[in-house]
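Visitor: Let me begin by handing over the structure; questions about it come next.
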Amino acid sequence: MKVVVCRCEDVLESDLLSAISGGNEDIESLKRYTGFGTGVCQGKSCLVHVASILERTARKHPEDLAPFTPRPPVAPIPMRLLAAEDEDTVLHLCAKAPEGPPR
Amino acid sequence: MSLRMAVPPGSREALPEEADVLIIGGGIMGLATAYHAALLGQRNIVVIDKSYLCSGASGRNGGGVRMQWSSADAVDLMRASVEQCKSFAAEMGVNVWFRQGGYLFLVKNEALIPTLEKNVHTQNECGAPTKLISPSEAAELVPGLSVEGVHVASYNPEDGVLFPWPFIWGYAHRALELGVRIFTFVDVERFTLANRRISHVHTSRGTMRVGHVINATGAWSPKVSALAGLRLPNQPYRHEILTTEPLKPFLNPMVTILGEGIYFSQSMRGEIVGGMGDPAELPGENSSSSLDFIRRFARTATSLLPQLGNVQIVRQWAGLYDVSPDGRPILGEAEAVPNMTLLAGFTGHGFMMAPIIGKLAAERLVLGTKVSYFDKNGPDRFLDGIPENTESMIIG
Amino acid sequence: MAPTRGVSLRKNELPHAPDGAPATVVFEGRPLSAKVGEPLSVTLLAHGIDIASRSVKYHRPRGAFCMVGTCGQCWMRVDDVPNRAACTTPVRSGLTATRENAFPSADHDLFRAADYAFPDGLDHHKLGTTPLTPLNTIIGSTARQMAGLGTLSSQVPPPAPKVGQISADALVIGGGPAGLAAARALAQAGHGVLLVERRRALGGQILNGLFGDDAELVGLANRCLAALSPERSAAFTHTVALGAYPRAGGLPEILLRRHYGTPEEQLWVARARTIVFATGGYEQALLFGNNDLPGHYGARALARLVVVRGISVGARVAIVEDQRAVETADRLEQALTKLGLKVRRVRGHGEQAERVMFANGNSRIKSLRLSRGEQAEEIKVDAVASALPVAPAFELPSQAGCAIRYSRLDGGFAVETTDTATDRPGIFAAGELTGAKSAAAAMKDGANAGAAAARWLEEAGR
């Protein structure tokens with residue numbers, strides 16, 4: 001019976017345990033070997049399970065439990081939105097009127 | 001033999017007291033060299049890396065492998081490398097998902113037309129089947145491609161893309177089988193030199209007596225060289241890259257605009273993986289992600305392939321190119337430090353060159369074979385100033 | 001609501017389901033009655049369509065879980081654009097949707113053969129490593145055809161609106177209990193505030209229908225809005241914060257996507273002199289065999305679906321919980337029982353601790369096998385709700401340079417704070433983002449963070 005930990009990439013608990021016992025005792029190496037966290041949700045639904053499994057089974061070095069580098073975007077963005085130019089005006093939400101050019 | 005690990009066994013343990021060959025840098029360059037050297041019978045090889053395997057450029061690149069270069073020796077080497085990539089899965093027992101969909105170079109800058117033509121000619125002379133093609137032929141290769149402003153293009157169907165991480169594991173695993181020892185999370189702190197030769201390497205995990213040192217540290221190679229008193233002009237530069245949602249296959253070649261730095265291709269998982277260099281980037285070890293990059297990439301990619309407008313970017317990251325000022329790698333030994341071999345300065349194409357460079361470096365080291373590519377690209381060429389940059393096919 | 005002729009009736013709707021303007025969506029060629037503005041997932045579940053997608057490798061059926069656009073299990077093709085989350089796609093009449101990457105259909109997918117053929121999993125690293133290179137190439141091509149969740153849209157989209165620019169005294173990311181309290185405190189101290197919230201209304205977990213008895217929480221969104229003066233503050237709902245990018249001479253700038261998934265969507269870049277992160281966290285699914293099949297929801301997602309949207313997931317619900325989320329489990333049980341559902345609590349903690357060993361079912365969860373010590377029991381269920389602490393949404397603070405720390409008790413990687421201040425000057429964090437806590441505690445934490453951010457602005461004359 002499959003216990004699916006990373007649903008985006010179909011990574012099973014057995015895959016993770018096997019990879020850990022094979023020496024992948026840090027999250028970055030585990031991610032690369034099993035592919036967990038590389039799918040569309042980027043670890044939102046599986047990272048903490050993996051950290052918990054790792055803490056339980058292996059963890060020798062504190063830095064091994066560091067998550068894989070969180071990178072933008074936190075949710076997928078269609079390229080058309082990013083291809084747009086900046087608006088010329090700035091909306092100021094400030095107590096005082098801005099002095100000088102906006103930061 | 002089953003490969004179950006991306007972490008070599010014993011890699012976090014104490015270092016041995018000595019190594020005949022110490023390879024600093026556990027990226028593909030160091031590991032390919034270690035593997036080939038061990039295969040040739042070299043004993044007591046130790047590889048050290050400052051972090052986990054795949055942490056450097058070897059784990060961050062877009063997986064492109066091509067023969068389209070401007071110098072004949074680079075073309076020859078890359079033809080050999082492509083052959084190795086093709087048979088890697090069968091020989092090393094791990095899938096690297098190599099797909100030969102070709103590379104499509106588009107020229108929008110009129111001044112670069114003669115450059116492309118000359119380069120294609122050079123490639124053909126070396127036996128690479130690159131063709132000069134028209135904009136409409138390019139549009140046929142990539143349905144939906146906008147060829148507005150494109151003057152001419154080149155296409156080599158034998159160029160391809162692969163998935164980098166398993167490459168590292170394949171070399172590491174085979175190297176381990178052959179007796180190489182690999183240690184991770186080891187920082188090199190200083191060298192002791194005697195009679196211009198490195199005699200000891202002092203690391204965060206202890207000191208080793210060494211016979212020969214190989215500097216395969218990529219972006220960190222100038223720093224490591226400096227530890228031996230060698231000042232080299234290569235510098236690290238950030239290059240950003242991104243990946244999208246996975247889609248059914250629709251894009252066959254890697255697409256790039258010559259001189260503009262943008263490239264993208266479709267991975268085996270269906271994601272569009274691409275990057276775009278920033279001419280304003282300053283040298284440094286910055287690997288953070290910028291908003292500017294994904295905006296510039298999105299703007300350029302969607303103008304090239306408008307259907308990409310609906311495609312979602314899922315992750316962006318960055319890596320470091322080890323940039324050589326004349327566009328040529330830095331290979332071999334400096335007279336000042338004769339027992340440190342440099343495998344550096346690959347300016348963004350080290351990964352694709354590593355299969356062949358690792359083999360040649362090993363032959364040179366173990367058998368004493370003369371390799372003209374090394375002789376022509378030695379570190380001492382910078383002693384009289386920086387030679388002219390003649391490599392025009394840099395991407396990224 | 002009278003359906004038009006030929007349009008399927010909503011068989012899974014409960015009497016208390018809210019009204020809505022009628023709409024018709026076409027799902028895989030079938031017209032379905034819908035309500036304008038409801039999430040597409042709700043429409044589908046109202047019609048008993050619980051298989052939302054098929055998984056990447058084994059083509060196992062998957063259903064909605066988080067109902068908030070973060071778990072990636074409900075991606076489908078919407079209006080000829082692939083890979084859109086159905087749970088955050090607001091319905092309008094004429095919307096078309098199809099599930100992809102299944103053959104002949106997502107309801108009966110032949111590619112699930114991989115699931116049956118490899119009961120213990122398939123190591124994809126060994127695929128295509130035969131000694132024959134040409135054979136490996138063919139295997140690679142086949143694998144490539146299998147990959148990809150959807151087909152590239154043939155459409156060329158219209159150009160997007162220009163990217164808006166905001167400069168604010170304070171930026172509060174997250175409009176749940178903590179964020180609302182923080183924004184209110186900052187506004188009351190006289191500062192200009194931009195409040196950003198991913199869902200279409202303010203409230204976060206307060207909107208899940210479980211806090212009806214808590215007047216303070218229920219009224220918080222209105223109290224916050226009342227404090228935000230229109231000349232110098234704004235609340236951007238239906239806006240997701242996408243990334244924190246380093247900026248010379250100031251705090252990281254935040255990329256925002258406003259009205260995502262609608263034709264009006266637009267990016268904004270927000271720069272502020274202080275930032276309060278109150279991004280809460282992501283619901284997690286308890287691990288057990290077959291936990292990925294349709295019918296398994298986050299507890300808060302289930303509450304939203306059943307209590308607020310009035311969609312029936314069946315008569316029998318099991319709440320599987322651990323000790324860190326007892327409040328959620330208690331409230332959910334109360335709410336579901338009130339609606340006449342039969343609820344079974346499966347407590348993973350305490351003297352009578354029970355473990356879920358696995359779920360039975362092929363296309364959806366039909367029963368759970370439980371064990372308590374030596375004893376085993378099988379219970380029939382129509383749906384399972386996981387009540388676990390949310391995993392703190394640490395990505396944005398981490399991109400902004402804030403230190404995080406793993407703790408199982410806190411639900412995952414929590415942002416480290418000292419009295420709501422992170423280790424980055426000017427950046428504060430509050431609520432479940434900094435560790436598991438009740439909604440009421442999150443609100444207090446947010447108020448403290450807002451006050452601390454306000455003091456920080458004043459102290460340096462910023």
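Numbering starts fresh at 1 for the residues of each chain in the structure tokens, the chains themselves are lettered A, B, ... in the order given, and ligands are numbered from 1 as they appear.
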Please list as an MDAnalysis selection string every residue within 10 Å of stretch 221-234 of chain C, counting only C-alpha atoms and excluding residues in the same chain fewer than 4 positions away.
Guide: (chainID A and resid 91:97) or (chainID C and resid 168:171 175:177 179:196 201:204 206 216:217)
Visitor: Write to file, as a compact mmCIF listing (two decimals), in the first residue's frame, the residues of the selection just made, with N, CA and C atoms.
Guide:
```txt
# COMPACT_ATOMS: atom_id res chain seq x y z
N LEU A 91 1.61 54.45 -6.09
CA LEU A 91 0.57 54.64 -5.09
C LEU A 91 1.26 54.76 -3.72
N HIS A 92 1.09 55.91 -3.07
CA HIS A 92 1.73 56.13 -1.78
C HIS A 92 0.74 55.87 -0.66
N LEU A 93 1.09 54.98 0.24
CA LEU A 93 0.25 54.72 1.41
C LEU A 93 1.09 55.12 2.63
N CYS A 94 1.13 56.42 2.88
CA CYS A 94 2.04 56.93 3.91
C CYS A 94 1.31 57.93 4.79
N ALA A 95 1.79 58.02 6.03
CA ALA A 95 1.23 59.01 6.96
C ALA A 95 1.59 60.40 6.51
N LYS A 96 2.86 60.57 6.06
CA LYS A 96 3.31 61.88 5.59
C LYS A 96 3.40 61.83 4.07
N ALA A 97 3.28 63.00 3.43
CA ALA A 97 3.48 63.04 1.98
C ALA A 97 4.93 62.70 1.70
N ALA C 168 4.69 52.16 0.79
CA ALA C 168 3.87 52.27 2.00
C ALA C 168 4.74 52.39 3.24
N ASP C 169 4.15 52.93 4.29
CA ASP C 169 4.85 52.90 5.58
C ASP C 169 5.01 51.44 6.00
N ALA C 170 3.87 50.71 5.94
CA ALA C 170 3.87 49.36 6.45
C ALA C 170 3.17 48.42 5.48
N LEU C 171 3.72 47.23 5.37
CA LEU C 171 3.13 46.19 4.55
C LEU C 171 2.83 45.02 5.46
N GLY C 175 -4.12 38.22 5.77
CA GLY C 175 -5.30 38.86 6.36
C GLY C 175 -6.08 37.91 7.25
N GLY C 176 -5.39 37.04 7.96
CA GLY C 176 -6.04 36.20 8.96
C GLY C 176 -6.02 36.91 10.30
N PRO C 177 -6.29 36.20 11.40
CA PRO C 177 -6.35 36.85 12.71
C PRO C 177 -5.11 37.69 13.03
N GLY C 179 -2.68 38.94 10.92
CA GLY C 179 -2.49 40.05 9.99
C GLY C 179 -3.50 41.16 10.19
N LEU C 180 -4.74 40.79 10.43
CA LEU C 180 -5.78 41.80 10.65
C LEU C 180 -5.46 42.63 11.89
N ALA C 181 -5.06 41.96 12.95
CA ALA C 181 -4.75 42.66 14.19
C ALA C 181 -3.53 43.56 14.01
N ALA C 182 -2.54 43.08 13.25
CA ALA C 182 -1.33 43.86 13.02
C ALA C 182 -1.65 45.11 12.20
N ALA C 183 -2.40 44.90 11.13
CA ALA C 183 -2.74 46.04 10.27
C ALA C 183 -3.54 47.08 11.04
N ARG C 184 -4.45 46.60 11.88
CA ARG C 184 -5.27 47.52 12.69
C ARG C 184 -4.41 48.33 13.63
N ALA C 185 -3.47 47.66 14.29
CA ALA C 185 -2.60 48.35 15.25
C ALA C 185 -1.76 49.42 14.54
N LEU C 186 -1.23 49.07 13.39
CA LEU C 186 -0.40 50.03 12.63
C LEU C 186 -1.24 51.21 12.16
N ALA C 187 -2.45 50.93 11.70
CA ALA C 187 -3.32 52.00 11.21
C ALA C 187 -3.74 52.91 12.36
N GLN C 188 -4.03 52.30 13.50
CA GLN C 188 -4.45 53.10 14.66
C GLN C 188 -3.31 53.99 15.14
N ALA C 189 -2.07 53.54 14.90
CA ALA C 189 -0.93 54.36 15.30
C ALA C 189 -0.66 55.45 14.26
N GLY C 190 -1.48 55.51 13.24
CA GLY C 190 -1.39 56.61 12.27
C GLY C 190 -0.57 56.32 11.03
N HIS C 191 -0.11 55.08 10.86
CA HIS C 191 0.74 54.79 9.71
C HIS C 191 -0.06 54.34 8.51
N GLY C 192 0.52 54.53 7.34
CA GLY C 192 -0.11 54.04 6.11
C GLY C 192 0.16 52.55 5.99
N VAL C 193 -0.89 51.78 5.69
CA VAL C 193 -0.76 50.32 5.68
C VAL C 193 -1.29 49.74 4.37
N LEU C 194 -0.55 48.82 3.81
CA LEU C 194 -1.10 47.97 2.76
C LEU C 194 -1.25 46.59 3.35
N LEU C 195 -2.47 46.09 3.37
CA LEU C 195 -2.75 44.75 3.86
C LEU C 195 -3.03 43.85 2.66
N VAL C 196 -2.36 42.73 2.61
CA VAL C 196 -2.50 41.83 1.46
C VAL C 196 -3.05 40.49 1.94
N ALA C 201 -11.86 37.37 0.64
CA ALA C 201 -12.36 38.19 1.73
C ALA C 201 -11.32 38.14 2.85
N LEU C 202 -11.38 39.13 3.74
CA LEU C 202 -10.46 39.15 4.87
C LEU C 202 -10.94 38.19 5.94
N GLY C 203 -9.99 37.60 6.66
CA GLY C 203 -10.37 36.75 7.79
C GLY C 203 -9.53 35.50 7.93
N GLY C 204 -8.99 35.01 6.81
CA GLY C 204 -8.18 33.79 6.91
C GLY C 204 -9.00 32.65 7.49
N ILE C 206 -10.70 32.49 10.03
CA ILE C 206 -11.99 32.90 10.61
C ILE C 206 -13.12 32.64 9.62
N GLU C 216 -15.21 38.26 19.04
CA GLU C 216 -14.02 39.08 18.82
C GLU C 216 -13.35 38.72 17.49
N LEU C 217 -13.26 37.43 17.23
CA LEU C 217 -12.65 36.99 15.98
C LEU C 217 -13.55 37.34 14.80
```
Visitor: Please run DSSP on the backbone and report, as a PyMOL selection string, all residues within stretch 138-351 of chain C that come out as strand (DSSP E).
Guide: chain C and resi 163-173+193-196+234-236+239-247+250-258+266-277+281-282+296-298+316-321+342-347
Visitor: Please identify all residues of chain A having at least one atom at most 8 Å from any atom of chain C, considering only C-alpha atoms, and return them as an NGL selection string.
Guide: :A and (1-5 or 7-10 or 12 or 14-15 or 40-41 or 44-46 or 48 or 51-52 or 65-67 or 70-75 or 80-87 or 89-95 or 102-103)
Visitor: Just the selected residues (N, CA and C atoms), exported as a tab-separated table (two decimals), in the first residue's frame, please.
Guide:
```
chain	number	residue	atom	x	y	z
A	1	MET	N	0.84	-1.19	0.00
A	1	MET	CA	0.00	0.00	0.00
A	1	MET	C	0.88	1.24	0.00
A	2	LYS	N	0.59	2.16	-0.86
A	2	LYS	CA	1.47	3.32	-1.00
A	2	LYS	C	1.13	4.41	0.03
A	3	VAL	N	2.15	4.88	0.71
A	3	VAL	CA	2.00	6.06	1.57
A	3	VAL	C	2.66	7.18	0.79
A	4	VAL	N	1.88	8.06	0.22
A	4	VAL	CA	2.42	9.10	-0.63
A	4	VAL	C	2.76	10.33	0.21
A	5	VAL	N	4.03	10.69	0.21
A	5	VAL	CA	4.46	11.86	0.99
A	5	VAL	C	4.44	13.11	0.12
A	7	ARG	N	2.93	14.45	-3.01
A	7	ARG	CA	1.88	14.06	-3.95
A	7	ARG	C	2.15	14.60	-5.35
A	8	CYS	N	2.83	15.75	-5.41
A	8	CYS	CA	3.10	16.32	-6.73
A	8	CYS	C	4.01	15.44	-7.57
A	9	GLU	N	4.97	14.79	-6.94
A	9	GLU	CA	5.91	13.96	-7.68
A	9	GLU	C	5.76	12.47	-7.38
A	10	ASP	N	4.70	12.09	-6.65
A	10	ASP	CA	4.47	10.68	-6.32
A	10	ASP	C	5.66	10.06	-5.61
A	12	LEU	N	7.07	8.25	-2.47
A	12	LEU	CA	6.49	7.44	-1.40
A	12	LEU	C	7.34	7.50	-0.13
A	14	SER	N	8.29	4.99	1.41
A	14	SER	CA	9.31	3.96	1.24
A	14	SER	C	10.48	4.49	0.42
A	15	ASP	N	10.21	5.34	-0.58
A	15	ASP	CA	11.30	5.94	-1.36
A	15	ASP	C	12.18	6.77	-0.45
A	40	VAL	N	4.88	20.98	-8.47
A	40	VAL	CA	4.19	22.27	-8.60
A	40	VAL	C	3.92	22.97	-7.28
A	41	CYS	N	3.83	22.26	-6.18
A	41	CYS	CA	3.57	22.94	-4.92
A	41	CYS	C	4.87	23.30	-4.21
A	44	LYS	N	5.13	22.61	-0.27
A	44	LYS	CA	4.19	23.10	0.74
A	44	LYS	C	3.51	21.97	1.49
A	45	SER	N	3.24	20.87	0.78
A	45	SER	CA	2.50	19.77	1.41
A	45	SER	C	3.38	18.61	1.84
A	46	CYS	N	4.67	18.70	1.67
A	46	CYS	CA	5.49	17.53	1.97
A	46	CYS	C	6.76	17.82	2.75
A	48	VAL	N	7.45	19.35	5.52
A	48	VAL	CA	7.47	19.10	6.97
A	48	VAL	C	7.38	17.60	7.27
A	51	ALA	N	10.93	16.43	6.84
A	51	ALA	CA	11.77	16.86	7.97
A	51	ALA	C	11.49	15.99	9.18
A	52	SER	N	10.23	15.67	9.39
A	52	SER	CA	9.85	14.86	10.53
A	52	SER	C	10.43	13.45	10.40
A	65	LEU	N	18.77	19.60	8.58
A	65	LEU	CA	17.34	19.80	8.60
A	65	LEU	C	16.93	21.13	7.99
A	66	ALA	N	17.87	21.90	7.51
A	66	ALA	CA	17.48	23.16	6.88
A	66	ALA	C	16.65	22.85	5.65
A	67	PRO	N	15.61	23.63	5.39
A	67	PRO	CA	14.80	23.34	4.22
A	67	PRO	C	15.60	23.61	2.96
A	70	PRO	N	14.29	28.35	-0.09
A	70	PRO	CA	13.00	28.86	-0.56
A	70	PRO	C	13.25	29.93	-1.62
A	71	ARG	N	12.67	29.76	-2.78
A	71	ARG	CA	12.89	30.68	-3.88
A	71	ARG	C	11.56	31.19	-4.39
A	72	PRO	N	11.55	32.42	-4.94
A	72	PRO	CA	10.33	32.88	-5.58
A	72	PRO	C	10.10	32.09	-6.86
A	73	PRO	N	8.90	32.09	-7.39
A	73	PRO	CA	7.68	32.59	-6.76
A	73	PRO	C	7.04	31.58	-5.83
A	74	VAL	N	6.30	32.07	-4.87
A	74	VAL	CA	5.67	31.19	-3.90
A	74	VAL	C	4.42	30.54	-4.49
A	75	ALA	N	3.93	31.11	-5.58
A	75	ALA	CA	2.84	30.50	-6.34
A	75	ALA	C	3.17	30.72	-7.81
A	80	ARG	N	3.01	36.18	-19.01
A	80	ARG	CA	2.44	37.40	-19.58
A	80	ARG	C	2.38	38.52	-18.55
A	81	LEU	N	2.16	38.16	-17.29
A	81	LEU	CA	2.06	39.20	-16.26
A	81	LEU	C	3.43	39.84	-16.03
A	82	LEU	N	4.47	39.02	-16.11
A	82	LEU	CA	5.82	39.53	-15.84
A	82	LEU	C	6.37	40.30	-17.02
A	83	ALA	N	5.78	40.09	-18.20
A	83	ALA	CA	6.31	40.76	-19.39
A	83	ALA	C	5.89	42.22	-19.45
A	84	ALA	N	4.97	42.62	-18.57
A	84	ALA	CA	4.46	43.99	-18.61
A	84	ALA	C	5.49	44.97	-18.06
A	85	GLU	N	5.38	46.22	-18.53
A	85	GLU	CA	6.25	47.28	-18.03
A	85	GLU	C	5.71	47.81	-16.71
A	86	ASP	N	6.51	48.65	-16.05
A	86	ASP	CA	6.06	49.29	-14.81
A	86	ASP	C	5.09	50.41	-15.12
A	87	GLU	N	4.15	50.62	-14.22
A	87	GLU	CA	3.31	51.82	-14.31
A	87	GLU	C	4.16	53.02	-13.93
A	89	THR	N	3.13	55.82	-12.36
A	89	THR	CA	2.82	56.44	-11.06
A	89	THR	C	2.99	55.45	-9.93
A	90	VAL	N	3.24	55.98	-8.75
A	90	VAL	CA	3.38	55.16	-7.55
A	90	VAL	C	2.23	55.48	-6.61
A	91	LEU	N	1.61	54.45	-6.09
A	91	LEU	CA	0.57	54.64	-5.09
A	91	LEU	C	1.26	54.76	-3.72
A	92	HIS	N	1.09	55.91	-3.07
A	92	HIS	CA	1.73	56.13	-1.78
A	92	HIS	C	0.74	55.87	-0.66
A	93	LEU	N	1.09	54.98	0.24
A	93	LEU	CA	0.25	54.72	1.41
A	93	LEU	C	1.09	55.12	2.63
A	94	CYS	N	1.13	56.42	2.88
A	94	CYS	CA	2.04	56.93	3.91
A	94	CYS	C	1.31	57.93	4.79
A	95	ALA	N	1.79	58.02	6.03
A	95	ALA	CA	1.23	59.01	6.96
A	95	ALA	C	1.59	60.40	6.51
A	102	PRO	N	10.20	58.57	-4.72
A	102	PRO	CA	9.83	57.39	-3.93
A	102	PRO	C	10.95	56.36	-3.97
A	103	ARG	N	11.11	55.62	-2.87
A	103	ARG	CA	12.17	54.59	-2.81
A	103	ARG	C	11.77	53.37	-3.63
```
Visitor: Per residue of chain C within 8 Å of chain B, what are the shortest atom pair and its distance in Å to one decimal, counting only C-alpha atoms, with rows by chain and residue number, as JSON lines?
Guide:
```
{"residue": "C:Val81", "atom": "CA", "partner": "B:Asn310", "partner_atom": "CA", "distance": 7.1}
{"residue": "C:Asn83", "atom": "CA", "partner": "B:Glu245", "partner_atom": "CA", "distance": 7.6}
{"residue": "C:His125", "atom": "CA", "partner": "B:Asn95", "partner_atom": "CA", "distance": 5.5}
{"residue": "C:Lys126", "atom": "CA", "partner": "B:Val94", "partner_atom": "CA", "distance": 5.8}
{"residue": "C:Leu127", "atom": "CA", "partner": "B:Asn95", "partner_atom": "CA", "distance": 6.4}
{"residue": "C:Gly128", "atom": "CA", "partner": "B:Asn95", "partner_atom": "CA", "distance": 6.0}
{"residue": "C:Thr129", "atom": "CA", "partner": "B:Ala89", "partner_atom": "CA", "distance": 4.9}
{"residue": "C:Thr130", "atom": "CA", "partner": "B:Ala90", "partner_atom": "CA", "distance": 5.4}
{"residue": "C:Pro131", "atom": "CA", "partner": "B:Ala90", "partner_atom": "CA", "distance": 4.4}
{"residue": "C:Leu132", "atom": "CA", "partner": "B:Ala90", "partner_atom": "CA", "distance": 6.2}
{"residue": "C:Thr133", "atom": "CA", "partner": "B:Ser87", "partner_atom": "CA", "distance": 5.7}
{"residue": "C:Asn136", "atom": "CA", "partner": "B:Ala89", "partner_atom": "CA", "distance": 7.5}
{"residue": "C:Thr137", "atom": "CA", "partner": "B:Arg99", "partner_atom": "CA", "distance": 7.6}
{"residue": "C:Gly140", "atom": "CA", "partner": "B:Trp97", "partner_atom": "CA", "distance": 6.4}
{"residue": "C:Ala143", "atom": "CA", "partner": "B:Met268", "partner_atom": "CA", "distance": 7.7}
{"residue": "C:Arg144", "atom": "CA", "partner": "B:Met268", "partner_atom": "CA", "distance": 5.2}
{"residue": "C:Gln145", "atom": "CA", "partner": "B:Pro249", "partner_atom": "CA", "distance": 6.5}
{"residue": "C:Met146", "atom": "CA", "partner": "B:Lys248", "partner_atom": "CA", "distance": 7.7}
{"residue": "C:Ala147", "atom": "CA", "partner": "B:Arg269", "partner_atom": "CA", "distance": 5.2}
{"residue": "C:Gly148", "atom": "CA", "partner": "B:Leu247", "partner_atom": "CA", "distance": 3.9}
{"residue": "C:Leu149", "atom": "CA", "partner": "B:Leu247", "partner_atom": "CA", "distance": 5.5}
{"residue": "C:Gly150", "atom": "CA", "partner": "B:Leu247", "partner_atom": "CA", "distance": 5.1}
{"residue": "C:Thr151", "atom": "CA", "partner": "B:Lys248", "partner_atom": "CA", "distance": 5.1}
{"residue": "C:Leu152", "atom": "CA", "partner": "B:Leu247", "partner_atom": "CA", "distance": 6.2}
{"residue": "C:Ser153", "atom": "CA", "partner": "B:Gln307", "partner_atom": "CA", "distance": 6.9}
{"residue": "C:Ser154", "atom": "CA", "partner": "B:Gln307", "partner_atom": "CA", "distance": 6.5}
{"residue": "C:Gln155", "atom": "CA", "partner": "B:Gln307", "partner_atom": "CA", "distance": 6.3}
{"residue": "C:Val156", "atom": "CA", "partner": "B:Gln307", "partner_atom": "CA", "distance": 4.9}
{"residue": "C:Pro157", "atom": "CA", "partner": "B:Gly309", "partner_atom": "CA", "distance": 6.1}
{"residue": "C:Tyr245", "atom": "CA", "partner": "B:Ser290", "partner_atom": "CA", "distance": 6.0}
{"residue": "C:Pro246", "atom": "CA", "partner": "B:Ser290", "partner_atom": "CA", "distance": 7.3}
```
Visitor: Taking the chain letters and numbering used in this document, name the residues of stretch 322-427 of chain C that DSSP puts in helix (DSSP H, G or I), as a PyMOL selection string.
Guide: chain C and resi 323-338+395-399+408-410
Visitor: With a distance cut-off of 8 Å and only C-alpha atoms, select the neighbouring residues of stretch 315-329 of chain C, excluding the residue or stretch itself and same-chain residues fewer than 5 positions from it, and output the selection as a list in words.
Guide: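 Using only C-alpha atoms, the neighbours found are Leu286, Ala299, Arg300, Gly340, Leu341, Lys342, Val343, Arg344, Arg345, Val346, Arg347, Gly348, His349, Val356, Lys380, Val381, Asp382, Ala383, Val384, Ala385, Ser386, Ala387, Leu388, Pro389, Leu409, Ala436 and Ser438 of chain C.
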Visitor: Go ahead and write the selection's residues with C-alpha atoms as a CSV table (one decimal), in the first residue's frame.
Guide:
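Written out: again.csv:
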```csv
chain,number,residue,atom,x,y,z
C,286,LEU,CA,-1.7,12.8,7.8
C,299,ALA,CA,-9.8,20.0,8.4
C,300,ARG,CA,-10.1,23.7,7.7
C,340,GLY,CA,-26.3,16.0,11.2
C,341,LEU,CA,-23.1,14.3,10.1
C,342,LYS,CA,-21.7,11.3,11.9
C,343,VAL,CA,-18.2,12.2,13.1
C,344,ARG,CA,-15.5,9.9,14.4
C,345,ARG,CA,-12.5,11.4,16.1
C,346,VAL,CA,-9.3,9.5,15.6
C,347,ARG,CA,-6.9,10.9,18.2
C,348,GLY,CA,-3.2,10.2,17.6
C,349,HIS,CA,-2.4,11.3,21.2
C,356,VAL,CA,-4.5,5.2,11.1
C,380,LYS,CA,-16.5,3.1,7.1
C,381,VAL,CA,-16.0,6.8,6.1
C,382,ASP,CA,-17.1,9.1,3.3
C,383,ALA,CA,-14.5,11.7,4.0
C,384,VAL,CA,-11.4,12.1,6.2
C,385,ALA,CA,-10.3,15.4,7.6
C,386,SER,CA,-6.7,15.9,8.8
C,387,ALA,CA,-6.4,18.1,11.8
C,388,LEU,CA,-2.7,18.8,12.1
C,389,PRO,CA,-0.9,22.1,12.8
C,409,LEU,CA,5.7,21.1,17.8
C,436,ALA,CA,1.4,26.6,16.3
C,438,SER,CA,-4.9,29.1,18.6
```
